[in-house]
$ cat upload-v6.cif   # mmCIF, C-alpha atoms
data_work
#
loop_
_atom_site.label_atom_id
_atom_site.label_comp_id
_atom_site.auth_asym_id
_atom_site.auth_seq_id
_atom_site.Cartn_x
_atom_site.Cartn_y
_atom_site.Cartn_z
CA MET G 1 13.31 43.31 2.95
CA ARG G 2 12.42 42.21 6.47
CA SER G 3 9.72 44.91 6.66
CA ILE G 4 7.87 43.47 3.64
CA PRO G 5 5.06 41.17 4.80
CA ASN G 6 4.92 37.62 3.52
CA TRP G 7 1.59 38.15 1.76
CA ALA G 8 3.16 40.94 -0.28
CA VAL G 9 6.05 38.70 -1.32
CA THR G 10 3.57 35.99 -2.32
CA GLY G 11 1.51 38.46 -4.34
CA LEU G 12 4.61 39.85 -6.03
CA SER G 13 5.83 36.41 -7.07
CA ILE G 14 2.40 35.57 -8.55
CA LEU G 15 2.32 38.91 -10.36
CA LEU G 16 5.76 38.30 -11.87
CA VAL G 17 4.75 34.88 -13.18
CA LEU G 18 1.51 36.25 -14.65
CA SER G 19 3.37 39.15 -16.26
CA ALA G 20 5.89 36.79 -17.84
CA TRP G 21 3.04 34.62 -19.12
CA VAL G 22 1.26 37.58 -20.70
CA ALA G 23 4.47 38.91 -22.24
CA VAL G 24 5.50 35.56 -23.73
CA THR G 25 2.10 34.92 -25.27
CA GLN G 26 1.43 38.48 -26.48
CA LEU G 27 4.84 38.78 -28.16
CA GLY G 28 4.33 35.46 -29.92
CA LEU G 29 7.44 33.87 -28.43
CA VAL G 30 5.50 30.66 -27.83
CA ARG G 31 2.74 29.23 -30.00
CA ASP G 32 -0.78 29.10 -28.56
CA LEU G 33 -0.73 25.33 -28.99
CA PHE G 34 2.02 25.04 -26.39
CA LEU G 35 1.03 27.90 -24.08
CA PRO G 36 -2.37 29.54 -24.53
CA GLY G 37 -2.67 33.17 -23.52
CA PRO G 38 -4.97 34.53 -20.82
CA ARG G 39 -7.68 35.43 -23.36
CA ASP G 40 -7.61 31.91 -24.84
CA LEU G 41 -7.92 30.38 -21.38
CA TRP G 42 -10.80 32.67 -20.50
CA LEU G 43 -12.67 31.77 -23.68
CA GLY G 44 -11.94 28.08 -23.10
CA LEU G 45 -13.26 28.33 -19.56
CA GLN G 46 -16.46 29.96 -20.78
CA GLU G 47 -16.96 27.23 -23.39
CA LEU G 48 -16.46 24.50 -20.79
CA LEU G 49 -18.93 26.15 -18.44
CA ASP G 50 -21.54 26.83 -21.11
CA GLU G 51 -21.22 23.89 -23.48
CA GLY G 52 -19.26 21.37 -21.44
CA TYR G 53 -16.94 18.69 -22.77
CA LYS G 54 -18.12 15.38 -24.24
CA GLY G 55 -21.59 15.71 -22.77
CA ARG G 56 -20.64 17.01 -19.32
CA THR G 57 -19.95 20.52 -18.04
CA LEU G 58 -16.74 21.44 -16.26
CA PRO G 59 -18.43 21.44 -12.82
CA GLU G 60 -19.80 17.96 -13.56
CA HIS G 61 -16.36 16.61 -14.47
CA LEU G 62 -14.89 18.22 -11.37
CA GLY G 63 -17.74 16.96 -9.20
CA MET G 64 -17.21 13.38 -10.34
CA SER G 65 -13.52 13.62 -9.52
CA LEU G 66 -14.23 15.08 -6.08
CA LEU G 67 -16.78 12.36 -5.34
CA ARG G 68 -14.17 9.72 -6.10
CA VAL G 69 -11.63 11.53 -3.95
CA GLY G 70 -14.11 11.80 -1.08
CA ALA G 71 -15.11 8.14 -1.22
CA GLY G 72 -11.56 6.83 -1.40
CA PHE G 73 -10.06 9.29 1.07
CA VAL G 74 -12.73 9.06 3.77
CA THR G 75 -12.86 5.26 3.80
CA GLY G 76 -9.09 4.86 3.53
CA ALA G 77 -8.30 7.51 6.15
CA LEU G 78 -10.83 6.14 8.64
CA ALA G 79 -9.69 2.55 8.19
CA GLY G 80 -6.03 3.56 8.29
CA THR G 81 -6.49 5.69 11.41
CA ALA G 82 -8.29 2.88 13.25
CA LEU G 83 -5.59 0.42 12.22
CA GLY G 84 -2.80 2.82 13.17
CA LEU G 85 -4.26 3.50 16.62
CA ALA G 86 -4.55 -0.22 17.24
CA MET G 87 -0.98 -0.76 16.02
CA GLY G 88 0.26 1.97 18.34
CA VAL G 89 -1.46 0.42 21.34
CA SER G 90 -0.65 -3.23 20.58
CA ARG G 91 2.92 -4.17 19.72
CA ARG G 92 1.78 -7.62 18.62
CA LEU G 93 -0.73 -6.18 16.14
CA ASP G 94 1.93 -3.79 14.93
CA ALA G 95 4.25 -6.71 14.26
CA MET G 96 1.50 -8.41 12.25
CA ALA G 97 0.29 -5.43 10.21
CA ALA G 98 3.43 -3.29 9.81
CA PRO G 99 5.00 -5.34 6.96
CA PHE G 100 1.89 -4.92 4.81
CA VAL G 101 1.44 -1.24 5.65
CA GLU G 102 5.11 -0.49 4.96
CA PHE G 103 4.88 -2.45 1.70
CA LEU G 104 1.88 -0.46 0.47
CA ARG G 105 3.12 2.97 1.56
CA PRO G 106 6.00 3.46 -0.94
CA LEU G 107 4.38 1.39 -3.68
CA PRO G 108 3.26 3.52 -6.65
CA GLN G 109 -0.51 3.28 -6.82
CA LEU G 110 -0.56 2.90 -10.60
CA ALA G 111 1.53 -0.25 -10.19
CA TYR G 112 -1.52 -2.16 -8.98
CA LEU G 113 -4.19 -0.25 -10.91
CA VAL G 114 -3.96 -2.79 -13.73
CA LEU G 115 -4.64 -5.61 -11.28
CA LEU G 116 -7.58 -3.75 -9.79
CA ILE G 117 -9.04 -3.25 -13.26
CA VAL G 118 -8.67 -6.97 -13.96
CA TRP G 119 -10.26 -7.91 -10.64
CA LEU G 120 -12.94 -5.22 -10.31
CA GLY G 121 -13.46 -3.89 -13.83
CA ILE G 122 -12.85 -0.47 -15.31
CA GLY G 123 -15.71 1.23 -13.45
CA GLU G 124 -15.79 3.24 -10.26
CA THR G 125 -15.01 0.36 -7.91
CA SER G 126 -11.44 -0.08 -9.13
CA LYS G 127 -10.70 3.64 -8.91
CA ILE G 128 -12.15 4.06 -5.41
CA THR G 129 -10.38 0.92 -4.21
CA MET G 130 -7.07 2.29 -5.46
CA LEU G 131 -7.71 5.59 -3.67
CA PHE G 132 -8.62 3.66 -0.52
CA LEU G 133 -5.31 1.79 -0.69
CA ALA G 134 -3.46 5.05 -1.31
CA ALA G 135 -4.87 6.72 1.81
CA LEU G 136 -4.81 3.76 4.20
CA PRO G 137 -1.04 3.27 4.79
CA VAL G 138 -0.35 7.01 5.15
CA ALA G 139 -3.12 7.42 7.72
CA ALA G 140 -2.09 4.23 9.53
CA VAL G 141 1.56 5.28 9.91
CA ALA G 142 0.57 8.77 11.09
CA ALA G 143 -1.83 7.38 13.73
CA ARG G 144 0.66 4.77 14.92
CA ASP G 145 3.46 7.31 15.27
CA GLY G 146 1.09 9.67 17.05
CA VAL G 147 0.43 7.02 19.68
CA ARG G 148 4.11 6.12 19.96
CA ASN G 149 5.09 9.74 20.53
CA ILE G 150 2.84 10.19 23.57
CA PRO G 151 4.98 10.94 26.66
CA PRO G 152 4.97 7.82 28.88
CA GLU G 153 4.42 9.88 32.02
CA ARG G 154 1.10 11.07 30.63
CA LEU G 155 -0.12 7.49 30.35
CA ARG G 156 1.23 6.53 33.77
CA MET G 157 -0.47 9.52 35.36
CA ALA G 158 -3.85 8.50 33.91
CA GLU G 159 -3.36 4.93 35.10
CA ALA G 160 -2.32 6.14 38.56
CA LEU G 161 -5.57 8.10 38.80
CA GLY G 162 -7.49 4.88 38.26
CA ALA G 163 -8.43 5.23 34.61
CA SER G 164 -9.42 2.04 32.84
CA PRO G 165 -7.66 1.01 29.59
CA TRP G 166 -10.62 2.31 27.58
CA GLN G 167 -10.59 5.63 29.47
CA VAL G 168 -6.85 5.96 28.92
CA PHE G 169 -7.36 5.38 25.21
CA ARG G 170 -10.33 7.71 24.93
CA HIS G 171 -9.11 10.62 27.05
CA VAL G 172 -5.32 10.40 26.64
CA VAL G 173 -4.21 8.31 23.65
CA ALA G 174 -6.68 9.49 21.02
CA PRO G 175 -6.49 13.25 21.81
CA SER G 176 -2.70 13.16 22.08
CA ALA G 177 -2.33 11.42 18.72
CA LEU G 178 -4.87 13.69 16.99
CA PRO G 179 -2.38 16.33 15.72
CA GLU G 180 -0.33 13.70 13.87
CA ILE G 181 -3.51 11.99 12.65
CA LEU G 182 -4.71 15.22 11.03
CA THR G 183 -1.27 15.88 9.55
CA GLY G 184 -1.35 12.39 8.08
CA ALA G 185 -4.82 13.09 6.70
CA ARG G 186 -3.50 16.12 4.81
CA LEU G 187 -0.68 14.06 3.34
CA ALA G 188 -3.06 11.23 2.44
CA LEU G 189 -5.46 13.60 0.72
CA GLY G 190 -2.69 15.03 -1.44
CA ILE G 191 -1.63 11.53 -2.50
CA VAL G 192 -5.23 10.50 -3.17
CA TYR G 193 -5.91 13.60 -5.26
CA ALA G 194 -2.83 13.10 -7.41
CA THR G 195 -3.54 9.39 -7.75
CA LEU G 196 -7.10 10.04 -8.90
CA ILE G 197 -5.98 12.23 -11.79
CA ALA G 198 -3.59 9.51 -12.97
CA ALA G 199 -6.31 6.87 -12.61
CA GLU G 200 -8.76 8.91 -14.67
CA ILE G 201 -6.16 9.39 -17.36
CA ILE G 202 -5.48 5.66 -17.60
CA ALA G 203 -8.90 4.16 -16.90
CA GLY G 204 -11.57 6.80 -17.13
CA SER G 205 -14.25 8.26 -19.35
CA SER G 206 -15.16 11.21 -17.14
CA GLY G 207 -13.59 13.46 -14.54
CA ILE G 208 -11.19 16.37 -14.75
CA GLY G 209 -8.12 14.18 -15.33
CA TRP G 210 -9.75 12.36 -18.22
CA MET G 211 -10.87 15.69 -19.71
CA ILE G 212 -7.29 16.99 -19.71
CA LEU G 213 -5.96 13.90 -21.50
CA ASP G 214 -8.77 13.79 -24.04
CA ALA G 215 -8.49 17.51 -24.78
CA GLY G 216 -4.75 17.07 -25.36
CA ARG G 217 -5.43 14.37 -27.94
CA PHE G 218 -7.43 16.88 -29.98
CA LEU G 219 -4.85 19.65 -29.46
CA ARG G 220 -7.22 21.69 -27.29
CA SER G 221 -4.46 22.96 -25.05
CA ASP G 222 -6.73 25.72 -23.77
CA TYR G 223 -9.07 23.09 -22.28
CA ALA G 224 -6.10 21.16 -20.89
CA PHE G 225 -4.65 24.25 -19.21
CA VAL G 226 -8.04 25.16 -17.76
CA GLY G 227 -8.28 21.66 -16.31
CA ILE G 228 -4.78 21.91 -14.82
CA LEU G 229 -5.60 25.25 -13.20
CA VAL G 230 -8.85 23.86 -11.80
CA ILE G 231 -7.01 20.87 -10.33
CA GLY G 232 -4.35 23.05 -8.74
CA LEU G 233 -6.75 25.61 -7.29
CA THR G 234 -9.11 22.93 -6.01
CA GLY G 235 -6.23 21.08 -4.38
CA ILE G 236 -5.07 24.26 -2.64
CA ALA G 237 -8.61 24.97 -1.43
CA ILE G 238 -9.02 21.46 0.00
CA ASP G 239 -5.65 21.59 1.72
CA ARG G 240 -6.44 25.00 3.25
CA LEU G 241 -9.76 23.65 4.48
CA LEU G 242 -8.03 20.74 6.20
CA LEU G 243 -5.44 23.11 7.66
CA TRP G 244 -8.23 25.32 9.03
CA LEU G 245 -9.96 22.31 10.55
CA GLU G 246 -6.67 21.17 12.06
CA ARG G 247 -6.13 24.55 13.71
CA ARG G 248 -9.69 24.57 15.02
CA ILE G 249 -9.70 21.01 16.35
CA VAL G 250 -6.16 20.74 17.74
CA HIS G 251 -5.50 24.39 18.51
CA TRP G 252 -3.24 23.38 21.38
CA ALA G 253 -0.73 21.54 19.16
CA GLY G 254 2.77 22.93 19.34
CA ARG G 255 2.09 25.08 22.36
#
$ encode --input "upload-v6.cif" --output "structure tokens"
Amino acid sequence: MRSIPNWAVTGLSILLVLSAWVAVTQLGLVRDLFLPGPRDLWLGLQELLDEGYKGRTLPEHLGMSLLRVGAGFVTGALAGTALGLAMGVSRRLDAMAAPFVEFLRPLPQLAYLVLLIVWLGIGETSKITMLFLAALPVAAVAARDGVRNIPPERLRMAEALGASPWQVFRHVVAPSALPEILTGARLALGIVYATLIAAEIIAGSSGIGWMILDAGRFLRSDYAFVGILVIGLTGIAIDRLLLWLERRIVHWAGR
């Protein structure tokens, strides 16, 4: 077994799951309503691409979801990273901001979605604000911990060479914390993506999450399964992109 490469094991596991899916659906062990077969999913995908769903094509629904993810994630991650770096440098600021960051971090995002809808309405602003609040504490904690984990001798060496506080931050603190910042960004993006789908289900009229819920109401399980597959594959693609960027930007991490 040790001679079998990991990619082969991954491919074999996927093949086994697909084979079981085909066998269960072809033998009629499960009704199409509960588990559509590969042919049903393919036909459903073609219909969504050609005719769309409720006035929008599948790429349009997906694009709207990704735009919301991008707006909430980018603003939340940038604000959280800036706050986390400042918290890592200043103990006093950390004492002021940490209670609020730690309160938001474990709080389920849907718990305050209702309040955001009351305050900001049911449009895009409430959804993007919720995604912003989902990304901010994760990014802040990652950036703060990245600063705190910098070896003290590295900072003292820069100061001994005559570096100013700004130079120490720019050339030592920020680069040293970057690996943890990017790891936090990957975690934040996963939370934001999952939160968006839930937000669209509860308070949406477009997007891939809303499409899945609405299709389920009309017993179009083929559309719902297509949406689920699109969400999963898109999430994997985004995560792999961030992982590639992390390896390119902080290629020295762990060495």
$ closest_residue --input "upload-v6.cif" --among "G:Leu107, G:Ala142, G:Val230, G:Val74" --to "Ala177 (chain G)" --atoms "only C-alpha atoms"
G:Ala142
$ resolve_selection --input "upload-v6.cif" --expression "the PyMOL selection byres ((chain G and resi 111-118) around 12)" --output "ChimeraX atom specification"
/G:104,106-110,119-134,195-196,198-204
$ write_last_selection --input "upload-v6.cif" --atoms "C-alpha atoms" --output "PDB file, keeping the file's coordinate frame"
ATOM      1  CA  LEU G 104       1.880  -0.460   0.470  1.00  0.00           C
ATOM      2  CA  PRO G 106       6.000   3.460  -0.940  1.00  0.00           C
ATOM      3  CA  LEU G 107       4.380   1.390  -3.680  1.00  0.00           C
ATOM      4  CA  PRO G 108       3.260   3.520  -6.650  1.00  0.00           C
ATOM      5  CA  GLN G 109      -0.510   3.280  -6.820  1.00  0.00           C
ATOM      6  CA  LEU G 110      -0.560   2.900 -10.600  1.00  0.00           C
ATOM      7  CA  TRP G 119     -10.260  -7.910 -10.640  1.00  0.00           C
ATOM      8  CA  LEU G 120     -12.940  -5.220 -10.310  1.00  0.00           C
ATOM      9  CA  GLY G 121     -13.460  -3.890 -13.830  1.00  0.00           C
ATOM     10  CA  ILE G 122     -12.850  -0.470 -15.310  1.00  0.00           C
ATOM     11  CA  GLY G 123     -15.710   1.230 -13.450  1.00  0.00           C
ATOM     12  CA  GLU G 124     -15.790   3.240 -10.260  1.00  0.00           C
ATOM     13  CA  THR G 125     -15.010   0.360  -7.910  1.00  0.00           C
ATOM     14  CA  SER G 126     -11.440  -0.080  -9.130  1.00  0.00           C
ATOM     15  CA  LYS G 127     -10.700   3.640  -8.910  1.00  0.00           C
ATOM     16  CA  ILE G 128     -12.150   4.060  -5.410  1.00  0.00           C
ATOM     17  CA  THR G 129     -10.380   0.920  -4.210  1.00  0.00           C
ATOM     18  CA  MET G 130      -7.070   2.290  -5.460  1.00  0.00           C
ATOM     19  CA  LEU G 131      -7.710   5.590  -3.670  1.00  0.00           C
ATOM     20  CA  PHE G 132      -8.620   3.660  -0.520  1.00  0.00           C
ATOM     21  CA  LEU G 133      -5.310   1.790  -0.690  1.00  0.00           C
ATOM     22  CA  ALA G 134      -3.460   5.050  -1.310  1.00  0.00           C
ATOM     23  CA  THR G 195      -3.540   9.390  -7.750  1.00  0.00           C
ATOM     24  CA  LEU G 196      -7.100  10.040  -8.900  1.00  0.00           C
ATOM     25  CA  ALA G 198      -3.590   9.510 -12.970  1.00  0.00           C
ATOM     26  CA  ALA G 199      -6.310   6.870 -12.610  1.00  0.00           C
ATOM     27  CA  GLU G 200      -8.760   8.910 -14.670  1.00  0.00           C
ATOM     28  CA  ILE G 201      -6.160   9.390 -17.360  1.00  0.00           C
ATOM     29  CA  ILE G 202      -5.480   5.660 -17.600  1.00  0.00           C
ATOM     30  CA  ALA G 203      -8.900   4.160 -16.900  1.00  0.00           C
ATOM     31  CA  GLY G 204     -11.570   6.800 -17.130  1.00  0.00           C
TER      32      GLY G 204
END
$ atom_distance --input "upload-v6.cif" --atom1 "CA of His61 (chain G)" --atom2 "CA of Leu241 (chain G)"
21.3 Å
$ closest_residue --input "upload-v6.cif" --among "G:Ser206, G:Ser3, G:Thr75, G:Gln167" --to "Leu189 (chain G)" --atoms "all atoms listed in the file"
G:Thr75
$ closest_residue --input "upload-v6.cif" --among "G:Leu78, G:Ile231, G:Ala98, G:Val141" --to "Leu62 (chain G)" --atoms "all atoms listed in the file"
G:Ile231
$ closest_residue --input "upload-v6.cif" --among "G:Glu51, G:Glu159, G:Asp222, G:Glu180" --to "Asp145 (chain G)" --atoms "all atoms listed in the file"
G:Glu180
$ atom_distance --input "upload-v6.cif" --atom1 "CA of Arg240 (chain G)" --atom2 "CA of Leu83 (chain G)"
26.2 Å
$ build_atoms --input "upload-v6.cif" --residues "region 191-202 of chain G" --atoms "all heavy atoms" --output "JSON list (two decimals), in the frame of the given file"
[["chain", "number", "residue", "atom", "x", "y", "z"],
["G", 191, "ILE", "N", -1.98, 12.73, -1.73],
["G", 191, "ILE", "CA", -1.63, 11.53, -2.50],
["G", 191, "ILE", "C", -2.86, 11.01, -3.23],
["G", 191, "ILE", "O", -2.79, 10.63, -4.41],
["G", 191, "ILE", "CB", -1.05, 10.46, -1.57],
["G", 191, "ILE", "CG1", 0.29, 10.94, -1.00],
["G", 191, "ILE", "CG2", -0.88, 9.14, -2.31],
["G", 191, "ILE", "CD1", 0.88, 10.02, 0.05],
["G", 192, "VAL", "N", -4.00, 10.99, -2.55],
["G", 192, "VAL", "CA", -5.23, 10.50, -3.17],
["G", 192, "VAL", "C", -5.62, 11.38, -4.35],
["G", 192, "VAL", "O", -6.01, 10.88, -5.42],
["G", 192, "VAL", "CB", -6.37, 10.45, -2.12],
["G", 192, "VAL", "CG1", -7.71, 10.27, -2.79],
["G", 192, "VAL", "CG2", -6.12, 9.32, -1.14],
["G", 193, "TYR", "N", -5.52, 12.68, -4.19],
["G", 193, "TYR", "CA", -5.91, 13.60, -5.26],
["G", 193, "TYR", "C", -5.03, 13.41, -6.49],
["G", 193, "TYR", "O", -5.53, 13.35, -7.62],
["G", 193, "TYR", "CB", -5.83, 15.04, -4.74],
["G", 193, "TYR", "CG", -6.61, 16.03, -5.56],
["G", 193, "TYR", "CD1", -7.97, 15.86, -5.77],
["G", 193, "TYR", "CD2", -5.99, 17.15, -6.10],
["G", 193, "TYR", "CE1", -8.69, 16.78, -6.52],
["G", 193, "TYR", "CE2", -6.71, 18.08, -6.84],
["G", 193, "TYR", "CZ", -8.05, 17.89, -7.05],
["G", 193, "TYR", "OH", -8.76, 18.79, -7.79],
["G", 194, "ALA", "N", -3.73, 13.31, -6.28],
["G", 194, "ALA", "CA", -2.83, 13.10, -7.41],
["G", 194, "ALA", "C", -3.04, 11.74, -8.05],
["G", 194, "ALA", "O", -2.97, 11.59, -9.28],
["G", 194, "ALA", "CB", -1.38, 13.25, -6.95],
["G", 195, "THR", "N", -3.31, 10.74, -7.23],
["G", 195, "THR", "CA", -3.54, 9.39, -7.75],
["G", 195, "THR", "C", -4.81, 9.33, -8.59],
["G", 195, "THR", "O", -4.86, 8.65, -9.62],
["G", 195, "THR", "CB", -3.64, 8.39, -6.59],
["G", 195, "THR", "OG1", -2.43, 8.43, -5.83],
["G", 195, "THR", "CG2", -3.85, 6.97, -7.10],
["G", 196, "LEU", "N", -5.84, 10.05, -8.16],
["G", 196, "LEU", "CA", -7.10, 10.04, -8.90],
["G", 196, "LEU", "C", -6.90, 10.55, -10.32],
["G", 196, "LEU", "O", -7.42, 9.96, -11.29],
["G", 196, "LEU", "CB", -8.14, 10.90, -8.19],
["G", 196, "LEU", "CG", -9.40, 11.15, -9.03],
["G", 196, "LEU", "CD1", -10.24, 9.89, -9.09],
["G", 196, "LEU", "CD2", -10.20, 12.31, -8.52],
["G", 197, "ILE", "N", -6.18, 11.65, -10.46],
["G", 197, "ILE", "CA", -5.98, 12.23, -11.79],
["G", 197, "ILE", "C", -5.30, 11.22, -12.70],
["G", 197, "ILE", "O", -5.68, 11.03, -13.86],
["G", 197, "ILE", "CB", -5.15, 13.53, -11.70],
["G", 197, "ILE", "CG1", -5.84, 14.53, -10.76],
["G", 197, "ILE", "CG2", -4.96, 14.13, -13.07],
["G", 197, "ILE", "CD1", -7.27, 14.83, -11.12],
["G", 198, "ALA", "N", -4.28, 10.52, -12.17],
["G", 198, "ALA", "CA", -3.59, 9.51, -12.97],
["G", 198, "ALA", "C", -4.53, 8.35, -13.31],
["G", 198, "ALA", "O", -4.51, 7.82, -14.43],
["G", 198, "ALA", "CB", -2.37, 9.00, -12.21],
["G", 199, "ALA", "N", -5.37, 7.96, -12.36],
["G", 199, "ALA", "CA", -6.31, 6.87, -12.61],
["G", 199, "ALA", "C", -7.32, 7.24, -13.68],
["G", 199, "ALA", "O", -7.68, 6.41, -14.53],
["G", 199, "ALA", "CB", -7.02, 6.49, -11.31],
["G", 200, "GLU", "N", -7.80, 8.47, -13.66],
["G", 200, "GLU", "CA", -8.76, 8.91, -14.67],
["G", 200, "GLU", "C", -8.11, 8.98, -16.05],
["G", 200, "GLU", "O", -8.77, 8.72, -17.07],
["G", 200, "GLU", "CB", -9.33, 10.28, -14.29],
["G", 200, "GLU", "CG", -10.28, 10.23, -13.10],
["G", 200, "GLU", "CD", -10.83, 11.60, -12.75],
["G", 200, "GLU", "OE1", -10.24, 12.61, -13.19],
["G", 200, "GLU", "OE2", -11.82, 11.64, -12.01],
["G", 201, "ILE", "N", -6.85, 9.34, -16.07],
["G", 201, "ILE", "CA", -6.16, 9.39, -17.36],
["G", 201, "ILE", "C", -6.02, 8.00, -17.96],
["G", 201, "ILE", "O", -6.19, 7.80, -19.16],
["G", 201, "ILE", "CB", -4.78, 10.06, -17.19],
["G", 201, "ILE", "CG1", -4.96, 11.56, -16.93],
["G", 201, "ILE", "CG2", -3.91, 9.85, -18.41],
["G", 201, "ILE", "CD1", -3.67, 12.29, -16.64],
["G", 202, "ILE", "N", -5.73, 7.01, -17.11],
["G", 202, "ILE", "CA", -5.48, 5.66, -17.60],
["G", 202, "ILE", "C", -6.78, 4.88, -17.81],
["G", 202, "ILE", "O", -6.94, 4.17, -18.81],
["G", 202, "ILE", "CB", -4.55, 4.90, -16.63],
["G", 202, "ILE", "CG1", -3.17, 5.56, -16.64],
["G", 202, "ILE", "CG2", -4.44, 3.43, -17.00],
["G", 202, "ILE", "CD1", -2.21, 4.95, -15.66]]
